[in-house]
Amino acid sequence: MEWLWILAFLGMVSTLGFQRASLSVWTFAITVFLLLFSILSQTSFGLVSLDWLLFAILILPLYATKLRYHFITRHILNFYRNHMPTMSSTESEALAAGTVGWEGELFQGNPDWNKLLNYPKPTLSKEEQDFINGPVKTLCSQINDWDITHHRLDLPPEMWQFLKDEGFFALIIPKQYGGKAFSAYAHSEILTMVSGISSTVASTIAVPNSLGPAELLLHYGTEEQKNYYLPRLAKGIEIPCFALTGLEAGSDAGAMTDKGIVCWGEHEGKNIIGIRLTWSKRYITLAPIATVIGLAFKLYDPEHLLANTKNLGITCALIPRNTPGISIGRRHFPCNAVFQNGPTQGNNVFIPLDWIIGGPKMAGQGWRMLMECLAAGRAISLPASAMGGSKMVAFTTGAYARIRRQFKMPIGRFEGIEVALARIAGYTYLMDATRTFTAAIIDTGEKPAVASAITKYHVTELGRTVISDAMDIHGGKGICLGPRNYLARFYQAMPIAITVEGANILTRSLIIFGQGAMRCHPYILAEFNAAMLENESLRLREFDKSLMGHLSFTISQFFRTLILGVTH
């Protein structure tokens, strides 16, 4: 009988935990169980009394909040504050950037699959489909990647003009400024098609439509800035770049040493309050040919000409290339993908405050701006580029395995080759589904910080596996460079996709698991924010609220993991 009571109790608490029952339901259920146990069991009075005592010790602190605050929560909070690192404003802004959608349910261990399936299927508008069937296919037919990467080391002049004339640099710019206003899905589809033929051409299109002046202006620019720059960017009159990565600040962009000082200076013959800038950036795509530079720097105001604080924080400004003091260094050569890329420096460059993106009121808001724009942009450019190459690889490798014969039979019939072919096909399908899903949720208005990181990381990593398998299958044909080698340039350029817009090791560790766990968990971020509050009583109350929720959630997760694991 005792074992039956134990099994009944375990069954009850497992059910309560699995169903995420509230504290009142737990209290009522255990009280009823103990009453029945006291009346019906043949257990000694001493053991029954001990059960009631243990129950009281465990349950009463959960209701006696003031006692719990003093004897339990206060000590845990002090330990927490003493051992948790402080969070800088840049770290806090990066953590809070973007939105969390369905992917948050994965981290919480309770995904609603119907919600996933009910997301609208992305489709192309007639205008978008016509652009793909027209200018995009025309562009693809013009591309000779061997000529671009081996002979010219640049796009042909007529191709540059075609990109400008047909609006390839205006995909995300609204129509009122002369742009295309295409969806994220259309943007991704265009880059996928082009990157299957040339990663150089795809990168040239991607940068003006990804993190750069146009997107920042759209979200944060003043009306004057939008009206002047967006039409010029849409027509290709201005070629933009965005300078973020510094000599010492790569993944840790918040550690940049590039700085601007608010001061008096001369501009166009007038003495005005502006910013005197010094910077040194590298790995900046389109920098060698850019006519306007988007720049991220740390802004300081030692004389309090703009604000009451000296350290205003990271700021973004838009600076014409011909401004005195700017220089462009020698071009980089990124793995034979010859898109324009290089360093830019500024020495004692004076600019008006109005050149801050969004005007003076956005001084110090640059990090938030960058993180919010990266949250969406990361899900498009690199996944689409890896996807286009992988689709090309899937088509060509499947065909090659059928026509290439060894031992008097097609190599595609060898089991070892079949394994690699199956990986190529399966991974390409996975990549396309992931790319499409993330583009679709961006088009619903989300800025998916975590989902975009998951997409960028996994699609590019799978792309690396796909091209490696293709090179293995092609053997000598894959490793000898020439105009008929359709794999080698993609193989060479694959590390670029792994590295840029958040290197994959960083993306996995810091964004997917770091930001993902904190943003998607229902209590961790709330605990951290509560522990940082200045008001002591409010800090204790809010921390206790989050702590109790976290405790309940952990118990529930234990039972759900156990039951779901045992029952499959």
# chains A, B, ... in the order shown; residues from 1 in each chain; ligands from 1
$ residues_around --residues "region 64-72 of chain A" --least-positions-apart "3" --cutoff "8 Å" --atoms "only C-alpha atoms" --output "list in words"
Leu60, Pro61, His75, Ile76, Leu540, Arg541 and Asp544 of chain A
$ write_last_selection --atoms "C-alpha atoms" --output "PDB file, in the first residue's frame"
ATOM      1  CA  LEU A  60       4.368  28.621   3.442  1.00  0.00           C
ATOM      2  CA  PRO A  61       7.372  30.680   2.202  1.00  0.00           C
ATOM      3  CA  HIS A  75      20.445  36.355   0.071  1.00  0.00           C
ATOM      4  CA  ILE A  76      20.030  34.940  -3.418  1.00  0.00           C
ATOM      5  CA  LEU A 540      13.888  42.899  -4.318  1.00  0.00           C
ATOM      6  CA  ARG A 541      10.232  42.650  -5.305  1.00  0.00           C
ATOM      7  CA  ASP A 544      11.602  37.702  -6.275  1.00  0.00           C
TER       8      ASP A 544
END
$ residues_around --residues "Gln365 (chain A)" --least-positions-apart "2" --cutoff "9 Å" --atoms "only C-alpha atoms" --output "JSON, numbers by chain"
{"A": [312, 313, 314, 315, 316, 361, 362, 363, 367, 368, 369, 370]}
$ write_last_selection --atoms "all heavy atoms" --output "CSV table (one decimal), in the first residue's frame"
chain,number,residue,atom,x,y,z
A,312,LEU,N,28.9,60.1,-25.3
A,312,LEU,CA,27.6,59.9,-25.9
A,312,LEU,C,27.3,58.5,-26.4
A,312,LEU,O,26.2,58.1,-26.5
A,312,LEU,CB,27.3,61.0,-27.0
A,312,LEU,CG,27.3,62.4,-26.5
A,312,LEU,CD1,27.2,63.4,-27.7
A,312,LEU,CD2,26.1,62.7,-25.6
A,313,GLY,N,28.4,57.8,-26.7
A,313,GLY,CA,28.3,56.5,-27.2
A,313,GLY,C,28.4,56.4,-28.7
A,313,GLY,O,28.7,57.3,-29.4
A,314,ILE,N,28.2,55.2,-29.2
A,314,ILE,CA,28.3,54.9,-30.7
A,314,ILE,C,27.3,55.7,-31.5
A,314,ILE,O,26.1,55.7,-31.1
A,314,ILE,CB,28.2,53.4,-30.9
A,314,ILE,CG1,29.4,52.7,-30.3
A,314,ILE,CG2,28.2,53.1,-32.5
A,314,ILE,CD1,29.4,51.2,-30.4
A,315,THR,N,27.8,56.3,-32.5
A,315,THR,CA,26.9,57.2,-33.4
A,315,THR,C,27.2,56.8,-34.8
A,315,THR,O,28.3,56.4,-35.2
A,315,THR,CB,27.3,58.6,-33.1
A,315,THR,OG1,27.1,58.9,-31.7
A,315,THR,CG2,26.5,59.6,-33.9
A,316,CYS,N,26.2,57.0,-35.7
A,316,CYS,CA,26.3,56.7,-37.1
A,316,CYS,C,26.1,58.0,-37.9
A,316,CYS,O,25.2,58.8,-37.6
A,316,CYS,CB,25.3,55.7,-37.6
A,316,CYS,SG,25.5,54.1,-36.9
A,361,LYS,N,19.7,64.5,-32.6
A,361,LYS,CA,18.9,63.8,-31.5
A,361,LYS,C,19.3,62.3,-31.5
A,361,LYS,O,19.0,61.6,-30.5
A,361,LYS,CB,17.4,64.0,-31.7
A,361,LYS,CG,16.9,63.2,-32.9
A,361,LYS,CD,15.4,63.4,-33.0
A,361,LYS,CE,14.7,62.6,-34.2
A,361,LYS,NZ,15.2,63.0,-35.5
A,362,MET,N,19.9,61.8,-32.6
A,362,MET,CA,20.3,60.4,-32.7
A,362,MET,C,21.7,60.2,-32.3
A,362,MET,O,22.2,59.0,-32.4
A,362,MET,CB,20.0,59.8,-34.1
A,362,MET,CG,18.6,59.8,-34.5
A,362,MET,SD,17.5,58.9,-33.3
A,362,MET,CE,18.0,57.2,-33.6
A,363,ALA,N,22.4,61.2,-31.8
A,363,ALA,CA,23.8,61.0,-31.3
A,363,ALA,C,23.8,60.0,-30.1
A,363,ALA,O,23.0,60.1,-29.2
A,363,ALA,CB,24.3,62.4,-30.8
A,367,TRP,N,24.5,52.2,-31.9
A,367,TRP,CA,24.6,50.8,-31.7
A,367,TRP,C,23.2,50.1,-31.7
A,367,TRP,O,23.0,49.1,-32.3
A,367,TRP,CB,25.2,50.5,-30.3
A,367,TRP,CG,25.6,49.1,-30.1
A,367,TRP,CD1,25.1,48.3,-29.2
A,367,TRP,CD2,26.6,48.4,-30.8
A,367,TRP,NE1,25.7,47.0,-29.3
A,367,TRP,CE2,26.6,47.1,-30.3
A,367,TRP,CE3,27.4,48.7,-31.9
A,367,TRP,CZ2,27.4,46.1,-30.8
A,367,TRP,CZ3,28.3,47.7,-32.4
A,367,TRP,CH2,28.3,46.4,-31.8
A,368,ARG,N,22.2,50.8,-31.2
A,368,ARG,CA,20.8,50.3,-31.3
A,368,ARG,C,20.4,50.2,-32.7
A,368,ARG,O,19.8,49.3,-33.2
A,368,ARG,CB,19.9,51.2,-30.4
A,368,ARG,CG,18.4,50.8,-30.6
A,368,ARG,CD,17.6,51.6,-29.7
A,368,ARG,NE,17.6,53.0,-30.0
A,368,ARG,CZ,16.8,53.6,-30.9
A,368,ARG,NH1,16.0,52.8,-31.6
A,368,ARG,NH2,16.9,54.9,-31.1
A,369,MET,N,20.7,51.3,-33.5
A,369,MET,CA,20.3,51.3,-34.9
A,369,MET,C,21.0,50.2,-35.6
A,369,MET,O,20.3,49.5,-36.4
A,369,MET,CB,20.8,52.7,-35.5
A,369,MET,CG,20.1,53.9,-34.9
A,369,MET,SD,21.0,55.4,-35.1
A,369,MET,CE,21.1,55.5,-36.9
A,370,LEU,N,22.2,49.9,-35.4
A,370,LEU,CA,23.0,48.9,-36.1
A,370,LEU,C,22.4,47.5,-35.8
A,370,LEU,O,22.2,46.7,-36.6
A,370,LEU,CB,24.5,49.0,-35.8
A,370,LEU,CG,25.2,50.2,-36.4
A,370,LEU,CD1,26.6,50.2,-35.8
A,370,LEU,CD2,25.2,50.1,-37.9
$ closest_residue --among "A:Trp26, A:Tyr177, A:Trp355, A:Phe350" --to "Ile261 (chain A)" --atoms "only C-alpha atoms"
A:Phe350
$ residues_around --residues "Ala517 (chain A)" --least-positions-apart "4" --cutoff "7 Å" --atoms "only C-alpha atoms" --output "mmCIF file with N, CA and C atoms, in the first residue's frame"
data_model
loop_
_atom_site.group_PDB
_atom_site.id
_atom_site.type_symbol
_atom_site.label_atom_id
_atom_site.label_comp_id
_atom_site.auth_asym_id
_atom_site.auth_seq_id
_atom_site.Cartn_x
_atom_site.Cartn_y
_atom_site.Cartn_z
ATOM 1 N N PHE A 107 13.293 27.555 -27.634
ATOM 2 C CA PHE A 107 14.139 27.679 -26.454
ATOM 3 C C PHE A 107 13.362 27.342 -25.185
ATOM 4 N N PHE A 513 23.064 31.193 -28.729
ATOM 5 C CA PHE A 513 22.971 30.668 -27.362
ATOM 6 C C PHE A 513 22.959 31.776 -26.315
ATOM 7 N N HIS A 521 14.149 32.914 -23.113
ATOM 8 C CA HIS A 521 13.762 32.357 -21.813
ATOM 9 C C HIS A 521 12.793 33.326 -21.133
#
$ closest_atom_pairs --of "region 131-236 of chain A" --to "region 490-499 of chain A" --cutoff "10 Å" --atoms "only C-alpha atoms" --output "tab-separated table"
residue	atom	partner	partner_atom	distance
A:Ser195	CA	A:Phe490	CA	9.0
A:Gly196	CA	A:Phe490	CA	8.6
A:Ile197	CA	A:Phe490	CA	9.0
A:Ser198	CA	A:Phe490	CA	8.0
A:Ser199	CA	A:Phe490	CA	7.1
A:Thr200	CA	A:Ala493	CA	8.9
